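S.K.: Please read through the structure below; I'll follow up with questions.
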Amino acid sequence: MSHEHADDLSFDVTTRLGDGSPGKHGRTGVIHTPHGDIQTPAFIPVATKATVKTLTPEQIKSTGAQAILSNAYHLYLQPGHDIVDEAGGVAAFENWDGPTYTDSGGFQVMSLGVGFKKVLAMDVAKLTEGDIRAAKKERLAHVDEDGVDFRSFIDGSKHRFTPEFSMQIQHGLGADIMFAFDELTTLVDTRQYQEASVDRTHRWAKRCLDEHDRLTNERTHRPKQSLWGVVQGAQYEDLRRQATRGLVQLSEQAEAEGKRGFGGFGLGGALEKENLGTIVGWCCDELPENKPRHLLGISEPDDMFTAIEAGADTFDCVAPTRLGRRGGVYTLDGRMNLMGAKFKRDFTGIDEEFGGYVSENYSRAYIHHLLKAKEFLAGTLCTIHNLQFMITLVDNIRKSIDGGYYEAYRDEFMGRYYANKK
């Protein structure tokens with residue numbers, strides 16, 4: 001990589017899909033990082049503990065992945081961000097040649113004590129009594145103005161995260177893109193709690209910016225990193241807009257003082273699937289055009305189309321990899337599970353029309369056998385296929401926006417993928 005781009009963390013818009021009217025901010029673009037460019041929109045596979053489960057970095061690359069996202073909470077607990085820093089940062093540590101993201105750990109600090117799975121789009125109607133009890137039970141995490149006390153999910157040991165400490169961890173991990181420490185709320189939290197939480201997340205974001213600036217000036221031996229603010233506010237339009245405007249203001253203020261502002265924005269927190277596009281749209285109404293937006297934790301194809309139309313640029317989700325390890329695979333005709341007995345003698349590829357390494361080389365019957373025999377290769381093959389499917393889908397969406405045929409592509413893909421759901 002040429003040295004003059006070593007500290008370039010800018011973003012360029014290439015083609016606009018939306019007309020910029022309220023809620024319509026879709027576009028393609030390029031995020032520049034010290035470890036390479038990311039063409040957007042892009043799907044970012046999750047490498048929680050500095051590995052995409054079951055895959056080597058070469059296999060991840062073969063799926064078309066442009067960047068991967070690791071988790072600050074997990075890497076802080078094991079092996080420790082100091083060790084990753086000593087290795088030269090998370091990319092060098094895991095032998096990944098490309099851009100990296102880390103999330104702040106805020107989600108895990110909260111959720112591992114509250115019992116909600118890592119999904120952004122929640123369906124309130126499906127919340128069970130158990131979920132609601134889980135939200136009220138003795139939490140492993142306790143929030144105060146300064147930060148969060150929590151217990152490790154590994155050994156129960158006590159730890160404390162503050163905005164400053166999250167920045168120190170993420171600087172140690174050395175990802176190109178990292179996120180401000182925020183408080184995750186759930187859809188069962190009250191409106192009053194959401195209001196207090198948005199205010200607190202705003203104050204934490206300011207502290208993250210200050211510490212990020214301090215650490216960047218101190219750590220001149222490392223490539224520059226881009227800090228992104230995280231928008232909370234659950235399903236409330238006024239809170240989402242207030243949270244977004246607040247972060248933009250903080251960023252502009254920092255830049256006016258000659259400090260580092262936010263390089264982009266993460267759209268986080270709880271929201272219902274049917275409101276996904278609306279909420280992303282509210283946030284993007286308030287966000288500057290020249291900064292990228294990352295949507296945390298969505299995985300269904302319909303959500304991808306909806307979020308991209310509304311203005312999201314990059315996404316991460318554990319679903320393609322988690323599903324794959326259990327035999328769940330994506331096809332152009334919808335999802336299926338290769339554990340099913342009907343695949344025992346099915347010698348076709350997972351999706352021969354979609355193609356790709358796995359469909360071209362292994363049969364459904366073989367993968368069914370591997371799953372039944374609990375062989376690790378089953379997870380590897382299904383994961384490669386699923387990541388390739390999801391990354392190719394988002395790449396095709398990008399091409400369709402650039403090529404001016406987005407609606408036709410969306411309608412054709414969705415009509416077929418969801419045909420059996422009608």
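Identifiers for the structure tokens are assigned positionally: chains receive A, B, ... in sequence, residues are indexed from 1 per chain, and ligands are indexed from 1 in the order shown.
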Within 8 Å of stretch 75-90 of chain A, counting only C-alpha atoms, which residues qualify if same-chain residues fewer than 6 places away don't, as a ChimeraX atom specification?
M.R.: /A:49-50,100,152,169-170,172-175
S.K.: Pick out the residues sitting within 12 Å of A:Pro22, and hand them over as a PyMOL selection string; count only C-alpha atoms, and ignore anything fewer than 4 positions along from it in its own chain.
M.R.: chain A and resi 18+26+277-287+309-311
S.K.: Would you output that residue set with N, CA and C atoms, as an mmCIF file, in the first residue's frame?
M.R.:
data_model
loop_
_atom_site.group_PDB
_atom_site.id
_atom_site.type_symbol
_atom_site.label_atom_id
_atom_site.label_comp_id
_atom_site.auth_asym_id
_atom_site.auth_seq_id
_atom_site.Cartn_x
_atom_site.Cartn_y
_atom_site.Cartn_z
ATOM 1 N N GLY A 18 -30.905 6.977 -3.265
ATOM 2 C CA GLY A 18 -31.995 7.810 -2.765
ATOM 3 C C GLY A 18 -31.883 9.211 -3.320
ATOM 4 N N GLY A 26 -29.987 6.007 0.349
ATOM 5 C CA GLY A 26 -29.155 4.909 -0.146
ATOM 6 C C GLY A 26 -28.074 5.411 -1.082
ATOM 7 N N GLY A 277 -36.282 0.094 8.423
ATOM 8 C CA GLY A 277 -36.014 1.109 7.400
ATOM 9 C C GLY A 277 -36.360 2.502 7.884
ATOM 10 N N THR A 278 -37.486 2.597 8.582
ATOM 11 C CA THR A 278 -37.938 3.896 9.096
ATOM 12 C C THR A 278 -36.904 4.483 10.052
ATOM 13 N N ILE A 279 -36.420 3.645 10.981
ATOM 14 C CA ILE A 279 -35.488 4.130 12.006
ATOM 15 C C ILE A 279 -34.133 4.479 11.388
ATOM 16 N N VAL A 280 -33.638 3.623 10.491
ATOM 17 C CA VAL A 280 -32.382 3.943 9.793
ATOM 18 C C VAL A 280 -32.562 5.260 9.031
ATOM 19 N N GLY A 281 -33.721 5.437 8.430
ATOM 20 C CA GLY A 281 -34.026 6.671 7.687
ATOM 21 C C GLY A 281 -33.995 7.906 8.577
ATOM 22 N N TRP A 282 -34.600 7.813 9.768
ATOM 23 C CA TRP A 282 -34.571 8.958 10.703
ATOM 24 C C TRP A 282 -33.133 9.361 10.997
ATOM 25 N N CYS A 283 -32.305 8.349 11.316
ATOM 26 C CA CYS A 283 -30.905 8.634 11.672
ATOM 27 C C CYS A 283 -30.167 9.263 10.494
ATOM 28 N N CYS A 284 -30.357 8.671 9.304
ATOM 29 C CA CYS A 284 -29.628 9.167 8.124
ATOM 30 C C CYS A 284 -30.108 10.552 7.696
ATOM 31 N N ASP A 285 -31.371 10.905 8.019
ATOM 32 C CA ASP A 285 -31.849 12.274 7.779
ATOM 33 C C ASP A 285 -30.951 13.286 8.479
ATOM 34 N N GLU A 286 -30.457 12.904 9.649
ATOM 35 C CA GLU A 286 -29.705 13.830 10.500
ATOM 36 C C GLU A 286 -28.185 13.717 10.311
ATOM 37 N N LEU A 287 -27.741 12.676 9.600
ATOM 38 C CA LEU A 287 -26.293 12.433 9.490
ATOM 39 C C LEU A 287 -25.690 13.131 8.274
ATOM 40 N N GLU A 309 -31.484 0.951 1.286
ATOM 41 C CA GLU A 309 -32.330 2.009 0.709
ATOM 42 C C GLU A 309 -32.406 3.216 1.640
ATOM 43 N N ALA A 310 -32.448 2.936 2.940
ATOM 44 C CA ALA A 310 -32.597 4.019 3.924
ATOM 45 C C ALA A 310 -31.287 4.752 4.165
ATOM 46 N N GLY A 311 -30.139 4.136 3.792
ATOM 47 C CA GLY A 311 -28.874 4.857 3.906
ATOM 48 C C GLY A 311 -27.751 4.172 4.649
#
S.K.: Using only C-alpha atoms, which of the listed residues (A:Leu271, A:Val358, A:Ala65, A:Ala307) sits closest to A:Ala47?
M.R.: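 For A:Ala47, the nearest of the given residues is A:Ala65.
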S.K.: Can you tell me, as a VMD selection string, which residues in stretch 38-92 of chain A count as strand (DSSP E) by DSSP?
M.R.: chain A and resid 38 to 40 42 to 45 68 to 71
S.K.: Go ahead and save the picked residues with N, CA and C atoms, as an mmCIF file, in the first residue's frame.
M.R.:
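Writing the result to again36.cif gives the following:
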data_model
loop_
_atom_site.group_PDB
_atom_site.id
_atom_site.type_symbol
_atom_site.label_atom_id
_atom_site.label_comp_id
_atom_site.auth_asym_id
_atom_site.auth_seq_id
_atom_site.Cartn_x
_atom_site.Cartn_y
_atom_site.Cartn_z
ATOM 1 N N ILE A 38 -12.795 -0.146 1.458
ATOM 2 C CA ILE A 38 -14.007 -0.969 1.546
ATOM 3 C C ILE A 38 -15.032 -0.341 0.604
ATOM 4 N N GLN A 39 -15.426 -1.116 -0.423
ATOM 5 C CA GLN A 39 -16.471 -0.660 -1.343
ATOM 6 C C GLN A 39 -17.818 -0.878 -0.649
ATOM 7 N N THR A 40 -18.634 0.152 -0.578
ATOM 8 C CA THR A 40 -19.920 0.027 0.135
ATOM 9 C C THR A 40 -21.095 0.148 -0.832
ATOM 10 N N ALA A 42 -21.396 -2.906 2.067
ATOM 11 C CA ALA A 42 -20.598 -4.116 2.277
ATOM 12 C C ALA A 42 -21.086 -4.869 3.502
ATOM 13 N N PHE A 43 -21.063 -6.206 3.384
ATOM 14 C CA PHE A 43 -21.369 -7.056 4.537
ATOM 15 C C PHE A 43 -20.044 -7.441 5.198
ATOM 16 N N ILE A 44 -19.960 -7.219 6.511
ATOM 17 C CA ILE A 44 -18.714 -7.441 7.251
ATOM 18 C C ILE A 44 -18.866 -8.675 8.150
ATOM 19 N N PRO A 45 -18.187 -9.793 7.841
ATOM 20 C CA PRO A 45 -18.300 -10.979 8.702
ATOM 21 C C PRO A 45 -17.760 -10.710 10.115
ATOM 22 N N ILE A 68 -13.294 -7.512 8.402
ATOM 23 C CA ILE A 68 -13.935 -8.342 9.426
ATOM 24 C C ILE A 68 -14.034 -7.552 10.733
ATOM 25 N N LEU A 69 -14.993 -7.935 11.564
ATOM 26 C CA LEU A 69 -15.264 -7.214 12.810
ATOM 27 C C LEU A 69 -15.011 -8.109 14.016
ATOM 28 N N SER A 70 -14.170 -7.626 14.938
ATOM 29 C CA SER A 70 -13.901 -8.372 16.171
ATOM 30 C C SER A 70 -14.500 -7.642 17.368
ATOM 31 N N ASN A 71 -14.516 -8.335 18.505
ATOM 32 C CA ASN A 71 -15.225 -7.810 19.661
ATOM 33 C C ASN A 71 -14.277 -7.418 20.790
#
S.K.: Point out the residue among A:Arg219, A:Arg364, A:His142, A:Arg240 with the least atom-to-atom distance to A:Glu183, counting only C-alpha atoms.
M.R.: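 Using only C-alpha atoms, A:Glu183 sits closest to A:His142.
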S.K.: If we count only C-alpha atoms, what is near A:Arg345 at a cut-off of 12 Å, once residues fewer than 6 positions away on the same chain are taken out, given as a list of chain:residue names?
M.R.: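 Counting only C-alpha atoms, the residues come to A:Leu338, A:Ser363, A:Arg364, A:Ala365, A:Tyr366, A:Ile367, A:His368, A:His369.
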